[in-house]
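Raw contents of structure_20.txt, compact mmCIF, C-alpha atoms and all ligand atoms:
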# COMPACT_ATOMS: atom_id res chain seq x y z
CA MET X 1001 -3.24 -38.83 21.81
CA GLN X 1002 -1.45 -36.00 23.57
CA LEU X 1003 -2.82 -33.61 20.99
CA LEU X 1004 -6.37 -34.83 21.52
CA LEU X 1005 -5.94 -34.50 25.25
CA GLY X 1006 -4.69 -30.96 24.87
CA ILE X 1007 -7.57 -30.14 22.57
CA GLN X 1008 -10.16 -31.67 24.88
CA GLN X 1009 -8.73 -29.73 27.76
CA LEU X 1010 -8.81 -26.57 25.77
CA MET X 1011 -12.33 -27.30 24.67
CA ALA X 1012 -13.24 -27.47 28.35
CA SER X 1013 -11.81 -24.00 28.77
CA HIS X 1014 -13.07 -22.82 25.44
CA THR X 1015 -15.92 -20.79 26.86
CA LEU X 1016 -13.37 -18.83 28.80
CA ILE X 1017 -11.01 -17.87 26.05
CA SER X 1018 -12.83 -18.08 22.79
CA SER X 1019 -14.61 -14.75 22.47
CA SER X 1020 -12.79 -12.07 20.59
CA SER X 1021 -14.15 -9.55 23.04
CA LEU X 1022 -13.06 -11.29 26.20
CA ARG X 1023 -10.38 -9.76 28.28
CA ILE X 1024 -7.99 -12.25 29.71
CA THR X 1025 -7.64 -11.59 33.41
CA ASN X 1026 -5.57 -13.27 36.09
CA SER X 1027 -8.57 -14.05 38.22
CA MET X 1028 -9.15 -17.65 37.19
CA PRO X 1029 -8.17 -20.21 39.80
CA ILE X 1030 -5.60 -22.08 37.80
CA LYS X 1031 -2.30 -23.12 39.28
CA CYS X 1032 0.78 -21.72 37.72
CA VAL X 1033 3.83 -23.62 36.69
CA PRO X 1034 6.62 -24.50 39.09
CA SER X 1035 9.78 -22.44 38.81
CA SER X 1036 11.74 -25.18 37.01
CA PHE X 1037 9.79 -25.50 33.80
CA THR X 1038 10.31 -25.45 30.11
CA PRO X 1039 7.84 -23.45 28.02
CA THR X 1040 6.38 -26.60 26.43
CA LYS X 1041 5.89 -28.23 29.79
CA ALA X 1042 4.45 -25.04 31.13
CA PHE X 1043 1.55 -24.96 28.72
CA SER X 1044 0.80 -28.64 29.12
CA PHE X 1045 0.76 -27.93 32.81
CA LEU X 1046 -1.63 -25.05 32.35
CA SER X 1047 -4.09 -27.11 30.37
CA LEU X 1048 -3.76 -29.97 32.83
CA SER X 1049 -4.67 -27.56 35.59
CA LEU X 1050 -7.65 -26.43 33.58
CA SER X 1051 -8.97 -29.97 33.38
CA THR X 1052 -8.24 -31.08 36.92
CA THR X 1053 -9.35 -28.08 38.91
CA THR X 1054 -12.65 -28.59 40.70
CA THR X 1055 -13.01 -25.03 41.93
CA THR X 1056 -15.92 -23.16 40.42
CA ILE X 1057 -14.71 -20.55 38.04
CA PRO X 1058 -15.79 -17.09 39.19
CA THR X 1059 -17.26 -16.01 35.89
CA LYS X 1060 -18.36 -12.66 37.30
CA SER X 1061 -14.79 -11.55 37.66
CA PHE X 1062 -14.21 -12.37 34.00
CA GLN X 1063 -14.61 -9.03 32.39
CA VAL X 1064 -16.02 -8.62 28.95
CA ARG X 1065 -14.86 -5.72 26.89
CA SER X 1066 -14.10 -4.89 23.35
CA VAL X 1067 -10.31 -4.99 22.99
CA ALA X 1068 -10.22 -3.19 19.69
CA ALA X 1069 -12.63 -0.44 18.91
CA PRO X 1070 -13.62 -1.04 15.33
CA THR X 1071 -14.87 2.05 13.58
CA GLU X 1072 -17.34 -0.07 11.65
CA SER X 1073 -18.54 -3.47 12.71
CA VAL X 1074 -17.25 -6.27 10.53
CA ALA X 1075 -19.53 -9.17 9.82
CA GLY X 1076 -18.37 -12.49 11.21
CA PHE X 1077 -17.96 -15.95 9.77
CA ASP X 1078 -21.64 -16.11 8.77
CA ASP X 1079 -20.91 -13.39 6.29
CA MET X 1080 -17.65 -14.98 5.13
CA VAL X 1081 -19.44 -18.26 4.47
CA SER X 1082 -22.57 -16.90 2.83
CA GLY X 1083 -23.04 -16.95 -0.93
CA THR X 1084 -21.68 -19.27 -3.55
CA GLN X 1085 -19.79 -16.69 -5.56
CA ARG X 1086 -16.05 -17.24 -5.28
CA LYS X 1087 -14.21 -15.42 -2.49
CA TYR X 1088 -10.51 -15.12 -1.81
CA TYR X 1089 -8.90 -14.81 1.61
CA MET X 1090 -5.23 -13.94 1.93
CA LEU X 1091 -3.52 -14.42 5.24
CA GLY X 1092 -0.27 -12.62 5.82
CA GLY X 1093 2.04 -11.30 8.51
CA LYS X 1094 5.43 -11.65 10.12
CA GLY X 1095 7.23 -14.99 9.85
CA GLY X 1096 6.23 -17.65 12.35
CA VAL X 1097 3.18 -15.89 13.83
CA GLY X 1098 0.78 -18.61 12.69
CA LYS X 1099 -0.26 -17.61 9.16
CA THR X 1100 -0.33 -21.19 7.91
CA SER X 1101 -2.23 -22.47 10.95
CA CYS X 1102 -4.84 -19.70 10.62
CA ALA X 1103 -5.14 -20.13 6.83
CA ALA X 1104 -5.47 -23.91 7.12
CA SER X 1105 -8.03 -23.55 9.92
CA LEU X 1106 -10.11 -21.20 7.76
CA ALA X 1107 -9.94 -23.58 4.82
CA VAL X 1108 -11.12 -26.48 7.00
CA LYS X 1109 -13.96 -24.37 8.34
CA PHE X 1110 -15.10 -23.35 4.85
CA ALA X 1111 -15.00 -26.96 3.70
CA ASN X 1112 -16.93 -28.14 6.76
CA ASN X 1113 -19.55 -25.51 5.95
CA GLY X 1114 -20.18 -26.86 2.49
CA HIS X 1115 -17.76 -24.84 0.35
CA PRO X 1116 -15.49 -26.71 -2.04
CA THR X 1117 -12.30 -25.01 -0.91
CA LEU X 1118 -8.77 -24.62 -2.18
CA VAL X 1119 -5.93 -23.63 0.11
CA VAL X 1120 -2.85 -22.37 -1.69
CA SER X 1121 0.60 -21.79 -0.31
CA THR X 1122 2.78 -19.23 -2.05
CA ASP X 1123 5.24 -19.24 0.83
CA PRO X 1124 8.51 -20.78 -0.38
CA ALA X 1125 8.85 -22.34 3.10
CA HIS X 1126 5.66 -24.40 2.43
CA SER X 1127 4.28 -25.50 5.77
CA LEU X 1128 0.84 -26.61 4.53
CA SER X 1129 1.90 -30.26 4.51
CA ASP X 1130 3.22 -29.91 8.06
CA SER X 1131 0.11 -28.09 9.20
CA PHE X 1132 -2.31 -30.66 7.77
CA ALA X 1133 0.06 -33.51 8.66
CA GLN X 1134 -0.43 -34.83 5.10
CA ASP X 1135 1.82 -34.82 2.06
CA LEU X 1136 0.54 -31.99 -0.12
CA THR X 1137 3.71 -31.33 -2.09
CA GLY X 1138 4.16 -31.58 -5.84
CA GLY X 1139 2.72 -28.31 -7.16
CA GLN X 1140 -0.58 -29.99 -8.08
CA LEU X 1141 -4.04 -30.12 -6.54
CA VAL X 1142 -3.98 -32.60 -3.68
CA PRO X 1143 -7.12 -33.62 -1.78
CA VAL X 1144 -6.95 -33.02 1.97
CA GLU X 1145 -8.42 -35.87 3.97
CA GLY X 1146 -10.71 -35.14 6.89
CA PRO X 1147 -13.14 -32.29 6.19
CA ASP X 1148 -16.82 -32.95 5.39
CA TYR X 1149 -16.71 -31.36 1.92
CA PRO X 1150 -13.92 -31.23 -0.67
CA LEU X 1151 -10.80 -29.41 0.44
CA PHE X 1152 -7.78 -29.33 -1.86
CA ALA X 1153 -4.33 -27.94 -1.30
CA LEU X 1154 -1.85 -26.53 -3.75
CA GLU X 1155 1.74 -25.74 -2.92
CA ILE X 1156 3.17 -23.58 -5.66
CA ASN X 1157 6.82 -24.07 -6.37
CA PRO X 1158 8.12 -20.52 -6.92
CA GLU X 1159 11.48 -21.76 -8.20
CA LYS X 1160 9.84 -23.70 -11.01
CA ALA X 1161 7.42 -20.89 -11.82
CA ARG X 1162 10.27 -18.37 -11.94
CA GLU X 1163 12.25 -20.62 -14.25
CA GLU X 1164 9.34 -20.70 -16.70
CA PHE X 1165 9.10 -16.92 -16.53
CA ARG X 1166 12.83 -16.52 -17.01
CA ASN X 1167 12.79 -18.76 -20.06
CA ALA X 1168 9.95 -16.79 -21.59
CA THR X 1169 11.54 -13.38 -21.06
CA LYS X 1170 15.08 -14.42 -21.93
CA LYS X 1171 13.95 -14.85 -25.47
CA ASN X 1172 12.85 -11.21 -25.56
CA GLY X 1173 15.12 -9.31 -23.20
CA GLY X 1174 17.94 -11.72 -22.47
CA THR X 1175 21.35 -12.26 -23.98
CA GLY X 1176 20.07 -14.19 -26.97
CA VAL X 1177 18.20 -11.13 -28.19
CA LYS X 1178 21.09 -8.82 -27.31
CA ASP X 1179 23.57 -10.75 -29.47
CA PHE X 1180 21.06 -10.93 -32.25
CA MET X 1181 20.24 -7.20 -32.09
CA ASP X 1182 23.89 -6.18 -31.77
CA GLY X 1183 24.60 -8.15 -34.90
CA MET X 1184 22.01 -6.05 -36.71
CA GLY X 1185 23.22 -2.73 -35.31
CA LEU X 1186 20.19 -2.41 -33.08
CA GLY X 1187 22.09 -2.49 -29.80
CA MET X 1188 20.55 0.78 -28.62
CA ILE X 1189 17.17 -0.90 -28.38
CA VAL X 1190 18.68 -3.50 -26.11
CA GLU X 1191 20.04 -0.65 -24.00
CA GLN X 1192 16.52 0.69 -23.72
CA LEU X 1193 15.41 -2.74 -22.60
CA GLY X 1194 18.22 -2.67 -20.07
CA GLU X 1195 16.78 0.52 -18.62
CA LEU X 1196 13.65 -1.41 -17.76
CA LYS X 1197 15.84 -3.39 -15.38
CA LEU X 1198 14.10 -6.59 -16.31
CA GLY X 1199 17.38 -8.42 -16.75
CA GLU X 1200 18.46 -7.32 -13.30
CA LEU X 1201 15.14 -8.42 -11.95
CA LEU X 1202 15.62 -11.88 -13.32
CA ASP X 1203 19.24 -12.27 -12.30
CA THR X 1204 18.66 -11.23 -8.72
CA PRO X 1205 14.91 -11.48 -8.32
CA PRO X 1206 13.49 -9.61 -5.32
CA PRO X 1207 11.66 -11.94 -2.91
CA GLY X 1208 8.26 -10.60 -3.99
CA LEU X 1209 8.84 -11.74 -7.55
CA ASP X 1210 8.53 -15.37 -6.57
CA GLU X 1211 5.28 -14.55 -4.89
CA ALA X 1212 3.95 -12.56 -7.83
CA ILE X 1213 4.81 -15.29 -10.26
CA ALA X 1214 3.37 -17.90 -7.92
CA ILE X 1215 0.09 -16.01 -7.68
CA SER X 1216 0.13 -15.45 -11.42
CA LYS X 1217 0.52 -19.19 -11.74
CA VAL X 1218 -2.49 -19.67 -9.50
CA MET X 1219 -4.46 -17.32 -11.74
CA GLN X 1220 -3.45 -19.45 -14.67
CA PHE X 1221 -4.74 -22.52 -12.85
CA LEU X 1222 -7.95 -20.79 -11.95
CA GLU X 1223 -8.72 -20.08 -15.58
CA SER X 1224 -9.03 -23.80 -16.17
CA GLN X 1225 -12.25 -25.78 -15.82
CA GLU X 1226 -10.73 -28.08 -13.23
CA TYR X 1227 -10.70 -25.25 -10.72
CA SER X 1228 -14.14 -23.83 -11.39
CA MET X 1229 -15.69 -25.87 -8.55
CA PHE X 1230 -13.94 -23.89 -5.80
CA THR X 1231 -16.06 -21.25 -4.10
CA ARG X 1232 -13.52 -20.31 -1.43
CA ILE X 1233 -9.81 -19.89 -2.03
CA VAL X 1234 -7.50 -19.28 0.90
CA PHE X 1235 -3.92 -18.08 0.34
CA ASP X 1236 -1.21 -18.74 2.87
CA THR X 1237 1.19 -16.00 1.81
CA ALA X 1238 4.88 -15.50 2.45
CA PRO X 1239 6.02 -13.22 5.31
CA THR X 1240 5.31 -9.47 5.29
CA GLY X 1241 8.33 -8.23 3.34
CA HIS X 1242 7.46 -10.47 0.41
CA THR X 1243 3.84 -9.41 0.51
CA LEU X 1244 4.69 -5.71 0.44
CA ARG X 1245 6.95 -6.12 -2.55
CA LEU X 1246 4.36 -8.31 -4.17
CA LEU X 1247 1.80 -5.54 -4.02
CA SER X 1248 3.89 -3.20 -6.12
CA LEU X 1249 5.09 -5.89 -8.52
CA PRO X 1250 2.04 -6.30 -10.72
CA ASP X 1251 2.24 -2.58 -11.64
CA PHE X 1252 5.97 -2.79 -12.21
CA LEU X 1253 5.83 -5.94 -14.29
CA ASP X 1254 2.80 -4.75 -16.17
CA ALA X 1255 4.64 -1.57 -17.15
CA SER X 1256 7.89 -3.35 -17.97
CA ILE X 1257 6.32 -6.11 -20.00
CA GLY X 1258 4.11 -3.55 -21.73
CA LYS X 1259 7.17 -1.54 -22.77
CA ILE X 1260 9.00 -4.64 -23.95
CA LEU X 1261 6.09 -5.71 -26.05
CA LYS X 1262 5.82 -2.23 -27.59
CA LEU X 1263 9.51 -2.14 -28.37
CA ARG X 1264 9.26 -5.58 -29.84
CA GLN X 1265 6.46 -4.47 -32.11
CA LYS X 1266 8.52 -1.48 -33.26
CA ILE X 1267 11.45 -3.58 -34.32
CA ALA X 1268 9.35 -6.44 -35.61
CA SER X 1269 8.94 -5.05 -39.12
CA ALA X 1270 12.60 -4.08 -39.46
CA THR X 1271 13.87 -7.46 -38.42
CA SER X 1272 11.23 -9.88 -39.58
CA ALA X 1273 12.94 -10.63 -42.86
CA ILE X 1274 16.26 -11.39 -41.17
CA LYS X 1275 14.60 -13.35 -38.41
CA SER X 1276 12.77 -15.55 -40.85
CA VAL X 1277 16.10 -16.26 -42.54
CA PHE X 1278 17.48 -17.36 -39.15
CA GLY X 1279 14.26 -19.23 -38.46
CA GLN X 1280 13.65 -17.44 -35.15
CA GLU X 1281 10.47 -15.57 -35.89
CA GLU X 1282 8.15 -18.25 -34.59
CA THR X 1283 10.01 -18.66 -31.30
CA GLN X 1284 10.01 -14.90 -30.79
CA GLN X 1285 6.28 -14.76 -31.38
CA ALA X 1286 5.64 -17.62 -28.95
CA ALA X 1287 7.74 -15.90 -26.31
CA ALA X 1288 5.92 -12.62 -26.89
CA ASP X 1289 2.58 -14.39 -26.50
CA LYS X 1290 3.75 -15.90 -23.24
CA LEU X 1291 4.83 -12.49 -21.99
CA GLU X 1292 1.52 -10.99 -23.02
CA LYS X 1293 -0.30 -13.73 -21.07
CA LEU X 1294 1.83 -13.09 -18.01
CA ARG X 1295 1.05 -9.40 -18.28
CA GLU X 1296 -2.69 -10.07 -18.52
CA ARG X 1297 -2.49 -12.27 -15.46
CA MET X 1298 -0.57 -9.60 -13.57
CA ILE X 1299 -3.38 -7.19 -14.29
CA LYS X 1300 -5.87 -9.76 -13.00
CA VAL X 1301 -3.80 -10.28 -9.84
CA ARG X 1302 -3.72 -6.53 -9.27
CA GLU X 1303 -7.48 -6.29 -9.71
CA LEU X 1304 -8.05 -9.29 -7.47
CA PHE X 1305 -6.07 -7.70 -4.64
CA ARG X 1306 -8.29 -4.65 -4.71
CA ASP X 1307 -11.67 -6.27 -5.23
CA THR X 1308 -13.56 -5.49 -2.02
CA ASP X 1309 -16.43 -7.84 -2.93
CA ALA X 1310 -14.30 -10.89 -3.59
CA THR X 1311 -11.14 -10.45 -1.57
CA GLU X 1312 -10.06 -9.88 2.00
CA PHE X 1313 -6.55 -9.72 3.39
CA VAL X 1314 -6.38 -10.91 7.00
CA ILE X 1315 -3.35 -9.81 9.01
CA VAL X 1316 -2.01 -12.35 11.51
CA THR X 1317 0.19 -11.20 14.36
CA ILE X 1318 1.31 -12.13 17.88
CA PRO X 1319 1.24 -9.89 20.97
CA THR X 1320 4.81 -8.61 20.84
CA VAL X 1321 5.92 -5.05 20.13
CA MET X 1322 7.95 -6.14 17.12
CA ALA X 1323 5.14 -8.12 15.52
CA VAL X 1324 2.59 -5.36 16.18
CA SER X 1325 4.89 -2.73 14.67
CA GLU X 1326 5.33 -4.85 11.57
CA SER X 1327 1.59 -5.46 11.34
CA SER X 1328 0.99 -1.74 11.54
CA ARG X 1329 3.34 -1.12 8.62
CA LEU X 1330 1.71 -3.95 6.66
CA SER X 1331 -1.75 -2.54 7.31
CA ALA X 1332 -0.63 0.94 6.18
CA SER X 1333 0.84 -0.45 2.96
CA LEU X 1334 -2.22 -2.54 2.23
CA LYS X 1335 -4.46 0.48 2.74
CA LYS X 1336 -2.25 2.58 0.51
CA GLU X 1337 -2.61 -0.05 -2.18
CA ASN X 1338 -6.38 -0.20 -1.62
CA VAL X 1339 -6.28 -3.83 -0.55
CA PRO X 1340 -9.31 -4.60 1.65
CA VAL X 1341 -8.29 -5.39 5.26
CA LYS X 1342 -10.84 -5.77 8.06
CA ARG X 1343 -9.54 -8.33 10.52
CA LEU X 1344 -6.45 -8.71 12.66
CA ILE X 1345 -5.78 -12.06 14.33
CA VAL X 1346 -3.68 -11.79 17.47
CA ASN X 1347 -2.42 -15.33 17.88
CA GLN X 1348 -0.66 -17.14 20.70
CA ILE X 1349 -2.15 -15.19 23.62
CA LEU X 1350 -1.33 -16.77 26.98
CA PRO X 1351 -4.36 -18.57 28.39
CA PRO X 1352 -5.72 -17.30 31.71
CA SER X 1353 -4.07 -18.34 34.94
CA ALA X 1354 -4.85 -17.65 38.61
CA SER X 1355 -1.39 -17.42 40.03
CA ASP X 1356 1.22 -16.65 37.48
CA CYS X 1357 4.79 -17.63 38.08
CA LYS X 1358 7.33 -14.89 37.52
CA PHE X 1359 7.88 -15.88 33.91
CA CYS X 1360 4.16 -16.09 33.04
CA ALA X 1361 3.39 -12.84 34.86
CA MET X 1362 6.10 -11.03 32.91
CA LYS X 1363 5.02 -12.60 29.66
CA ARG X 1364 1.39 -11.72 30.28
CA LYS X 1365 2.31 -8.12 31.10
CA ASP X 1366 4.35 -7.96 27.94
CA GLN X 1367 1.44 -9.31 25.89
CA MET X 1368 -0.98 -6.84 27.48
CA ARG X 1369 1.37 -4.02 26.50
CA ALA X 1370 1.32 -5.22 22.91
CA LEU X 1371 -2.50 -5.52 22.97
CA ASP X 1372 -2.73 -1.94 24.29
CA MET X 1373 -0.37 -0.89 21.55
CA ILE X 1374 -2.79 -2.33 18.99
CA GLN X 1375 -5.67 -0.37 20.53
CA ASN X 1376 -3.71 2.84 20.20
CA ASP X 1377 -2.23 2.19 16.80
CA PRO X 1378 -3.84 4.39 14.14
CA GLU X 1379 -3.48 1.66 11.53
CA LEU X 1380 -4.65 -1.29 13.62
CA ALA X 1381 -7.20 0.09 16.08
CA SER X 1382 -9.93 0.21 13.46
CA LEU X 1383 -9.53 -3.46 12.53
CA THR X 1384 -11.64 -6.11 14.20
CA MET X 1385 -9.33 -7.94 16.55
CA ILE X 1386 -9.64 -11.70 16.91
CA GLN X 1387 -7.74 -13.21 19.81
CA ALA X 1388 -6.47 -16.77 19.60
CA PRO X 1389 -4.91 -18.54 22.58
CA LEU X 1390 -1.53 -20.15 22.72
CA VAL X 1391 -2.31 -23.84 22.66
CA ASP X 1392 -0.19 -26.26 24.65
CA VAL X 1393 0.70 -28.46 21.69
CA GLU X 1394 1.52 -27.83 18.07
CA ILE X 1395 -1.54 -27.39 15.88
CA ARG X 1396 -1.25 -30.17 13.33
CA GLY X 1397 -3.87 -32.21 11.49
CA VAL X 1398 -7.49 -31.54 10.55
CA PRO X 1399 -9.06 -32.07 14.05
CA ALA X 1400 -6.63 -29.58 15.60
CA LEU X 1401 -7.20 -27.11 12.77
CA LYS X 1402 -10.96 -27.48 13.18
CA PHE X 1403 -10.56 -26.73 16.87
CA LEU X 1404 -8.47 -23.63 16.17
CA GLY X 1405 -10.86 -22.56 13.42
CA ASP X 1406 -13.82 -22.70 15.78
CA ILE X 1407 -12.04 -20.32 18.11
CA ILE X 1408 -10.89 -17.86 15.48
CA TRP X 1409 -13.59 -17.78 12.86
CA LYS X 1410 -16.90 -16.81 14.46
N1 LIG S 1501 -2.17 -20.57 18.75
C1 LIG S 1501 -1.13 -21.38 18.70
N2 LIG S 1501 -0.81 -22.14 19.77
C2 LIG S 1501 0.24 -22.98 19.73
N3 LIG S 1501 1.03 -23.14 18.66
C3 LIG S 1501 0.75 -22.42 17.57
C4 LIG S 1501 -0.34 -21.51 17.52
N4 LIG S 1501 -0.36 -20.95 16.28
C5 LIG S 1501 0.66 -21.47 15.60
N5 LIG S 1501 1.34 -22.35 16.36
C6 LIG S 1501 2.54 -23.12 16.00
O1 LIG S 1501 3.57 -22.20 15.66
C7 LIG S 1501 4.37 -22.70 14.60
C8 LIG S 1501 4.38 -21.72 13.45
O2 LIG S 1501 3.06 -21.66 12.94
P1 LIG S 1501 2.77 -21.42 11.39
O3 LIG S 1501 3.58 -22.33 10.54
O4 LIG S 1501 1.30 -21.44 11.24
O5 LIG S 1501 3.33 -19.93 11.26
P2 LIG S 1501 3.65 -19.11 9.91
O6 LIG S 1501 3.42 -17.69 10.26
O7 LIG S 1501 2.87 -19.65 8.79
O8 LIG S 1501 5.18 -19.43 9.74
P3 LIG S 1501 6.10 -19.11 8.43
O9 LIG S 1501 6.25 -17.64 8.38
O10 LIG S 1501 7.38 -19.82 8.75
O11 LIG S 1501 5.38 -19.68 7.25
C9 LIG S 1501 3.77 -24.05 14.24
O12 LIG S 1501 4.50 -25.04 14.91
C10 LIG S 1501 2.35 -23.99 14.77
O13 LIG S 1501 1.83 -25.25 15.12
Starting from the coordinates I provided, produce the structure as structure tokens.
Amino acid sequence: MQLLLGIQQLMASHTLISSSSLRITNSMPIKCVPSSFTPTKAFSFLSLSLSTTTTTIPTKSFQVRSVAAPTESVAGFDDMVSGTQRKYYMLGGKGGVGKTSCAASLAVKFANNGHPTLVVSTDPAHSLSDSFAQDLTGGQLVPVEGPDYPLFALEINPEKAREEFRNATKKNGGTGVKDFMDGMGLGMIVEQLGELKLGELLDTPPPGLDEAIAISKVMQFLESQEYSMFTRIVFDTAPTGHTLRLLSLPDFLDASIGKILKLRQKIASATSAIKSVFGQEETQQAAADKLEKLRERMIKVRELFRDTDATEFVIVTIPTVMAVSESSRLSASLKKENVPVKRLIVNQILPPSASDCKFCAMKRKDQMRALDMIQNDPELASLTMIQAPLVDVEIRGVPALKFLGDIIWK
């Protein structure tokens, strides 16, 4: 009820804050919060003021300007929604900025516009269930209730996926092989395998590995008929650090697995007779096939990331210096890796207020500084900036996500 109230109130103010090109000024006649407030109360208070004020809003004083100066204009939601060929959207950024909320809102909007949509979480923290306020756990396709057309969610369990990977590679590069090879005087080959650092990778996997394997798992799913219906796939990715490592992983794993497979082929003839005696040949072959499949999928993941026709990476940030700095680094890395990035969502911007209290005035000033920083950042200034307001209640459930989606995706 409270959520609906907040949403209705925000809808009333929607015309004031929804445009990506609107500048938020302090000229609107909205009361500010009393000095003894908590942040949560403060924003409820703001929206309450929005709904109860009877003063005419001086729209003239509400300046319109382009906050970011995109070098090339980026088509809006009409373009994102057009066509039935499959498109992938990956949303990423610093932890807690609103990646899941933005990804879920985009998925709802696609589904409401007629696209059978899949939203996938590769973030080990998994907040899709919380965001949709529905149980979407289990690592399987789960239908999301609410949108007009089919929307399914998939929360990949990176732990489970990594375990499968570990089991497959252990048979080739793990201790079982080492003992076996040592016994045959072929220990130096194992040393060569050691140089590939695959064992190290599996014992202390870098955070991006989970993500890479999770996405590889998604690719595996997507090869199946069951998934062919989806024309839009939205990824809610793990925080920035994971994403950056993920980008370099397909190349690394591709090279490592490639070398392992080559080495394996080299020794295959020398050891096949012995292996057949020990009855291990079949298992080895099965493991090698699994590795080869993983490698093929890694190549597909790498290609997918760079496919400008099918993929777009959307950076989500908040107006703070720290988040903007991180977004700038993320944007630079994505560009370096040739991953298509066009849009930057600046989430949680303070809604307009006529008479800010000290706290709100400071906060607003701080946010404006961060927005200016974006304008002057060589990596971010060229992206199309989408501003999303800080809403007075948590965004949970399909109606709330639809509301947020209508503000962000235009
Ligand atoms: N514009 C907004 N107004 C108000 N609350 C918001 C807004 N955007 C996100 N939130 C809230 O902020 C919290 C974090 O959002 P979300 O889970 O989407 O972030 P995230 O970047 O995916 O986090 P994580 O990195 O932990 O996965 C949630 O409680 C969400 O409801």
### Message
My list of candidates is X:Ser1127, X:Ser1382, X:Asn1113, X:Ser1101. Which is closest to Asp1078 of chain X when distances are computed with all atoms listed in the file?
### Response
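Closest residue, counting all atoms listed in the file: X:Asn1113.
Our summary of the geometry notes that atom CA of Met1368 of chain X is positioned 18.9 Å from atom C5 of ligand LIG 1501 (chain S).
Going from atom CA of Pro1147 of chain X over to atom CA of Met1090 of chain X, you cover 20.4 Å.
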Each chain X residue no farther than 7 Å from ligand LIG 1501 (chain S), nearest pair in Å, all atoms listed in the file, as JSON lines:
{"residue": "X:Gly1093", "atom": "CA", "partner": "S:LIG1501", "partner_atom": "O6", "distance": 6.8}
{"residue": "X:Lys1094", "atom": "CA", "partner": "S:LIG1501", "partner_atom": "O9", "distance": 6.3}
{"residue": "X:Gly1095", "atom": "CA", "partner": "S:LIG1501", "partner_atom": "O9", "distance": 3.2}
{"residue": "X:Gly1096", "atom": "CA", "partner": "S:LIG1501", "partner_atom": "O8", "distance": 3.3}
{"residue": "X:Val1097", "atom": "CA", "partner": "S:LIG1501", "partner_atom": "O6", "distance": 4.0}
{"residue": "X:Gly1098", "atom": "CA", "partner": "S:LIG1501", "partner_atom": "O5", "distance": 3.2}
{"residue": "X:Lys1099", "atom": "CA", "partner": "S:LIG1501", "partner_atom": "O7", "distance": 3.8}
{"residue": "X:Thr1100", "atom": "CA", "partner": "S:LIG1501", "partner_atom": "O7", "distance": 3.7}
{"residue": "X:Ser1101", "atom": "CA", "partner": "S:LIG1501", "partner_atom": "O4", "distance": 3.7}
{"residue": "X:Cys1102", "atom": "CA", "partner": "S:LIG1501", "partner_atom": "O4", "distance": 6.4}
{"residue": "X:Asp1123", "atom": "CA", "partner": "S:LIG1501", "partner_atom": "O11", "distance": 6.4}
{"residue": "X:Ala1125", "atom": "CA", "partner": "S:LIG1501", "partner_atom": "O11", "distance": 6.0}
{"residue": "X:His1126", "atom": "CA", "partner": "S:LIG1501", "partner_atom": "O11", "distance": 6.8}
{"residue": "X:Ser1127", "atom": "CA", "partner": "S:LIG1501", "partner_atom": "O3", "distance": 5.8}
{"residue": "X:Ser1131", "atom": "CA", "partner": "S:LIG1501", "partner_atom": "O13", "distance": 6.8}
{"residue": "X:Ala1238", "atom": "CA", "partner": "S:LIG1501", "partner_atom": "O11", "distance": 6.4}
{"residue": "X:Pro1239", "atom": "CA", "partner": "S:LIG1501", "partner_atom": "O9", "distance": 5.4}
{"residue": "X:Asn1347", "atom": "CA", "partner": "S:LIG1501", "partner_atom": "N1", "distance": 5.3}
{"residue": "X:Gln1348", "atom": "CA", "partner": "S:LIG1501", "partner_atom": "N1", "distance": 4.2}
{"residue": "X:Ala1388", "atom": "CA", "partner": "S:LIG1501", "partner_atom": "N1", "distance": 5.8}
{"residue": "X:Pro1389", "atom": "CA", "partner": "S:LIG1501", "partner_atom": "N1", "distance": 5.1}
{"residue": "X:Leu1390", "atom": "CA", "partner": "S:LIG1501", "partner_atom": "N2", "distance": 3.6}
{"residue": "X:Val1391", "atom": "CA", "partner": "S:LIG1501", "partner_atom": "N2", "distance": 3.7}
{"residue": "X:Asp1392", "atom": "CA", "partner": "S:LIG1501", "partner_atom": "C2", "distance": 5.9}
{"residue": "X:Val1393", "atom": "CA", "partner": "S:LIG1501", "partner_atom": "C2", "distance": 5.8}
{"residue": "X:Glu1394", "atom": "CA", "partner": "S:LIG1501", "partner_atom": "O13", "distance": 3.9}
{"residue": "X:Ile1395", "atom": "CA", "partner": "S:LIG1501", "partner_atom": "O13", "distance": 4.1}
{"residue": "X:Arg1396", "atom": "CA", "partner": "S:LIG1501", "partner_atom": "O13", "distance": 6.1}
#### Entry: Residue nearest Ser1333 of chain X - candidates X:Leu1350, X:Val1144, X:Ile1407, X:Ile1315, atoms counted: all atoms listed in the file
X:Ile1315
### Task
Tell me, in Å to one decimal, how far atom CA of Val1339 of chain X is from atom CA of Ser1224 of chain X.
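Atom-to-atom, atom CA of Val1339 of chain X to atom CA of Ser1224 of chain X, that is 25.5 Å.
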### Query
With distances taken over all atoms listed in the file, which of X:Arg1306, X:Arg1086, X:Arg1369, X:Lys1410 is nearest to Tyr1227 of chain X?
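That would be X:Arg1086, the residue with the smallest distance to Tyr1227 of chain X.
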### Message
Which residue is closest to Thr1320 of chain X? Choose from X:Ile1349, X:Leu1154, X:Ser1121, X:Phe1403 and count only C-alpha atoms.
### Response
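When distances to Thr1320 of chain X are compared using only C-alpha atoms, the smallest one comes from X:Ile1349.
Here the question is which of X:Ala1133, X:Ala1103, X:Leu1344, X:Ala1153 gets nearest to Leu1118 of chain X using only C-alpha atoms, and that residue is X:Ala1153.
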